[in-house]
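Chemist: Just passing along the structure, written as structure tokens.
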Amino acid sequence: MSRLIVVSNRVADLEKGAQSGGLAVALGDALKKEHGLWFGWDGNILGNGGRLATNLREQEGVTFATTPLTREEYDNYYLGFSNNVLWPAFHYRIDLTNFETSFVQGYRKVNQRLAQALAPLVEKEDRVWVHDYHLIPLAAELRARGVEGPIGFFLHIPFPPPEILQTIPEHDWLIRSLFSCDVVGFQTQGDRRNFVRYVVERAGGKEDGEGRLTAFGKTIIVQSYPIGIDAQVFRDMATSEQSDELIQRLHRRSFERSLVIGVDRLDYTKGLPERLKAFRRLLELYPENRRQATLLQIAPPTREEVEAYSEIREELEGLTGAINGAFGNFDWTPVRYIHRAIPRDTLAALFRGSQVGLVTPLRDGMNLVAKEYVAAQDEEDPGVLVLSEFAGAAEDLVEALLVNPYDIDDMAAALQRALTMSLEERQSRHAALKKRVWARDVNQWRERFLGDLVADAA
Ligand code: ADQ
């Protein structure tokens with residue numbers, strides 16, 4: 001029987017259920033149905049004298065095959081090439097890339113080692129679905145080790161225009177490697193266009209007009225598969241009795257005024273300093289919001305070993321302090337900043353209890369927070385989504401108030417518009433957004449991708 005094999009840098013824990021988020025659950029569900037296998041890094045760094053083995057364990061019918069990384073692998077593959085080269089460059093931030101030869105060597109070696117460990121576990125009929133930028137060359141390494149069945153690759157982050165991609169010294173090798181897949185998926189049409197442009201302009205590729213691309217002697221499916229959330233599950237969390245209580249408590253305590261919410265990993269791609277500056281501008285340009293509007297920004301730390309991340313943390317703390325110092329009062333704190341993770345059901349309640357969802361990344365593959373904010377709203381009295389035009393989600397969620405996150409005044413004006421929008425307009429925008437979030441949920445995303453992977457293999 002054909003099994004599904006999911007490969008990702010980190011392997012999720014099924015026991016955490018809904019708390020681990022839509023993607024882990026959606027992939028977990030598919031794996032449970034098919035008694036599949038999930039392969040990847042276990043999140044540990046091997047201590048001195050430890051052995052680099054693959055550990056196998058079973059949970060709810062799913063086999064988990066995981067391996068630690070050595071310190072050197074972690075430094076070069078994970079922090080180095082993945083997060084100091086690919087992450088910034090793919091988010092159009094070549095100013096933040098830090099290219100060292102050992103990074104790409106480490107990246108290549110880890111992909112080889114993972115392929116070496118995975119190949120013997122893959123049976124002839126299995127479908128392999130590889131996720132994200134850490135594992136771009138994995139398919140090619142699996143092919144080199146005799147894996148012949150269908151392999152798909154999905155990129156969760158943006159794919160940059162060729163002019164930017166070219167700044168990565170090993171760009172031709174990376175793109176050629178993807179042609180070992182049968183299906184290569186992107187979040188948006190824009191990302192897909194960038195990829196096709198690179199392949200056609202720089203590798204003599206040819207498109208057939210039906211989603212197929214031929215280059216390097218192979219024809220593969222190249223499509224956009226915008227990822228979604230498990231909309232109904234998130235909505236149920238937002239409307240539970242517990243959530244109602246939390247919202248009431250919020251409103252009673254301190255947020256009887258207008259609450260604007262932002263929820264992001266603390267990452268320089270998420271546009272957090274610009275967002276704080278826009279909130280400050282709102283208070284300057286539209287003083288009626290003073291003592292009325294509060295920005296609640298929740299931003300848990302990530303990748304703190306990478307320098308750019310500690311810099312942004314300091315910048316944010318400085319901006320928050322400056323706004324609160326200049327505008328705050330004994331009974332009003334303009335910006336509340338929480339630097340840690342929050343349980344998902346609490347987040348759902350906070351989204352529902354806020355008048356505005358502020359999602360303004362400078363560049364983002366999709367951005368699930370935008371969809372979660374929509375799913376959590378009360379149809380009778382919905383909040384307004386203010387969304388960056390540079391988030392993948394903006395390709396679909398066109399009824400949001402779309403903003404340019406580099407234009408602080410534009411964002412302040414959109415915030416003001418959101419805070420003063422009529423109930424009728426809020427309802428009609430929300431109804432349209434809701435339809436889109438439900439139509440393109442995470443299950444539909446998974447089925448579309450796997451449908452193409454199977455159809456291609458048939
Ligand atoms: P991320 O960059 O991590 O994902 P995003 O799509 O916003 O970004 O997803 C973040 C998830 O983490 C959301 O489900 C959110 O609710 C949750 N989260 C954020 N802050 C939290 C907090 N403080 N506490 C608890 N949960 C929190 C990458 C790409 C995205 C792409 C996704 C999925 O960068 O562009 O949308 O993968 O493909």
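Starting from 1 in every chain, residues are counted up; chains themselves are A, B, ... following the order of the structure tokens, and ligands are numbered from 1 as listed.
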Using only C-alpha atoms and all ligand atoms, find each residue with an atom at most 8 Å away from ligand 1 and format the answer as number ranges by chain.

Modeler: A: 21-23, 155-158, 187, 227-229, 263-265, 298-300, 338-344, 347, 364-370, 372, 391-393

Chemist: Excluding Ser388 in chain A and residues on its chain fewer than 2 positions from it, collect all residues at most 10 Å away from it, counting only C-alpha atoms, and give them as JSON, numbers by chain.

Modeler: {"A": [270, 271, 358, 359, 360, 361, 362, 363, 364, 367, 370, 385, 386, 390, 391, 392, 393, 394, 400, 401, 402, 403, 404, 405, 406, 411]}

Chemist: So which one's closest to His251 in chain A, A:Ser354, A:Gln297, A:Glu163, A:Gly152? Using only C-alpha atoms, please.

Modeler: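 Using only C-alpha atoms, His251 in chain A sits closest to A:Ser354.
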
Chemist: Neighbouring residues of Glu307 in chain A were defined as those with any atom within 12 Å, considering only C-alpha atoms; residues of the same chain fewer than 2 positions away were excluded. Please report them as a list in words.

Modeler: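 The contact residues come out as Leu79, Gly80, Asn83, Asn84, Leu96, Thr97, Asn98, Asp267, Tyr268, Thr302, Arg303, Glu304, Glu305, Tyr309, Ser310, Glu311, Ile312, Arg313 and Glu314 of chain A.
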
Chemist: For the residues selected in the previous step, produce a file with N, CA, C and O atoms as a compact mmCIF listing (two decimals), in the first residue's frame.

Modeler:
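This is the output file part06.txt:
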# COMPACT_ATOMS: atom_id res chain seq x y z
N LEU A 79 21.45 27.21 11.36
CA LEU A 79 21.63 28.66 11.55
C LEU A 79 22.27 29.29 10.32
O LEU A 79 21.87 30.37 9.89
N GLY A 80 23.25 28.61 9.76
CA GLY A 80 24.05 29.18 8.68
C GLY A 80 23.28 29.31 7.38
O GLY A 80 22.72 30.37 7.07
N ASN A 83 19.11 29.80 7.79
CA ASN A 83 18.56 31.01 8.40
C ASN A 83 19.42 32.27 8.27
O ASN A 83 18.96 33.36 8.62
N ASN A 84 20.64 32.13 7.73
CA ASN A 84 21.44 33.32 7.48
C ASN A 84 21.58 33.59 5.98
O ASN A 84 22.14 34.60 5.59
N LEU A 96 20.73 41.28 4.72
CA LEU A 96 20.92 40.51 5.95
C LEU A 96 21.55 39.14 5.72
O LEU A 96 21.74 38.37 6.66
N THR A 97 21.86 38.81 4.47
CA THR A 97 22.46 37.49 4.24
C THR A 97 23.93 37.52 4.67
O THR A 97 24.59 38.55 4.63
N ASN A 98 24.38 36.36 5.08
CA ASN A 98 25.73 36.25 5.59
C ASN A 98 26.26 34.94 5.02
O ASN A 98 25.99 33.88 5.55
N ASP A 267 10.31 38.32 14.23
CA ASP A 267 11.17 38.11 13.07
C ASP A 267 11.23 39.42 12.28
O ASP A 267 10.21 40.12 12.18
N TYR A 268 12.39 39.69 11.68
CA TYR A 268 12.52 40.97 10.96
C TYR A 268 11.66 41.03 9.71
O TYR A 268 11.49 42.08 9.12
N THR A 302 12.21 33.86 18.53
CA THR A 302 12.67 32.72 17.70
C THR A 302 14.11 32.98 17.30
O THR A 302 14.54 34.13 17.26
N ARG A 303 14.82 31.92 16.96
CA ARG A 303 16.17 31.98 16.36
C ARG A 303 17.05 33.05 17.00
O ARG A 303 17.65 33.88 16.32
N GLU A 304 17.10 33.05 18.32
CA GLU A 304 17.80 34.14 18.99
C GLU A 304 19.31 34.13 18.79
O GLU A 304 19.98 35.12 19.04
N GLU A 305 19.82 32.95 18.31
CA GLU A 305 21.28 32.90 18.07
C GLU A 305 21.66 33.71 16.84
O GLU A 305 22.83 33.99 16.62
N TYR A 309 18.14 38.89 14.89
CA TYR A 309 16.96 38.70 15.72
C TYR A 309 17.11 39.42 17.06
O TYR A 309 16.14 39.95 17.59
N SER A 310 18.33 39.43 17.61
CA SER A 310 18.47 40.14 18.88
C SER A 310 18.41 41.65 18.65
O SER A 310 17.92 42.41 19.49
N GLU A 311 18.87 42.07 17.46
CA GLU A 311 18.80 43.50 17.15
C GLU A 311 17.35 43.97 17.08
O GLU A 311 16.99 45.02 17.61
N ILE A 312 16.51 43.17 16.45
CA ILE A 312 15.12 43.61 16.29
C ILE A 312 14.41 43.63 17.64
O ILE A 312 13.57 44.49 17.91
N ARG A 313 14.81 42.73 18.51
CA ARG A 313 14.20 42.70 19.83
C ARG A 313 14.49 44.01 20.58
O ARG A 313 13.59 44.63 21.16
N GLU A 314 15.74 44.42 20.52
CA GLU A 314 16.11 45.68 21.20
C GLU A 314 15.36 46.86 20.60
O GLU A 314 14.86 47.73 21.30

Chemist: As a list in words, please: every residue in range 200-301 of chain A that a backbone DSSP assignment puts in strand (DSSP E or B).

Modeler: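 Answer for range 200-301 of chain A restricted to strand (DSSP E or B) is Lys206, Glu207, Arg212, Leu213, Thr214, Ala215, Lys218, Thr219, Ile220, Ile221, Val222, Gln223, Ser224, Ser258, Leu259, Val260, Ile261, Gly262, Val263, Ala293, Thr294, Leu295, Leu296, Gln297 and Ile298 of chain A.
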
Chemist: Excluding Phe179 in chain A and any residue of its chain fewer than 6 positions from it, enumerate the residues within 9 Å of it, using only C-alpha atoms, and give them as a count of residues only.

Modeler: 9

Chemist: Excluding range 122-126 of chain A and residues on its chain fewer than 6 positions from it, collect all residues at most 6 Å away from it, counting only C-alpha atoms, and give them as a VMD selection string.

Modeler: chain A and resid 2 to 4

Chemist: In Å, rounded to a single decimal, give me how far CA of Leu316 in chain A is from CA of Leu266 in chain A.

Modeler: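 Between CA of Leu266 in chain A and CA of Leu316 in chain A the gap is 9.5 Å.
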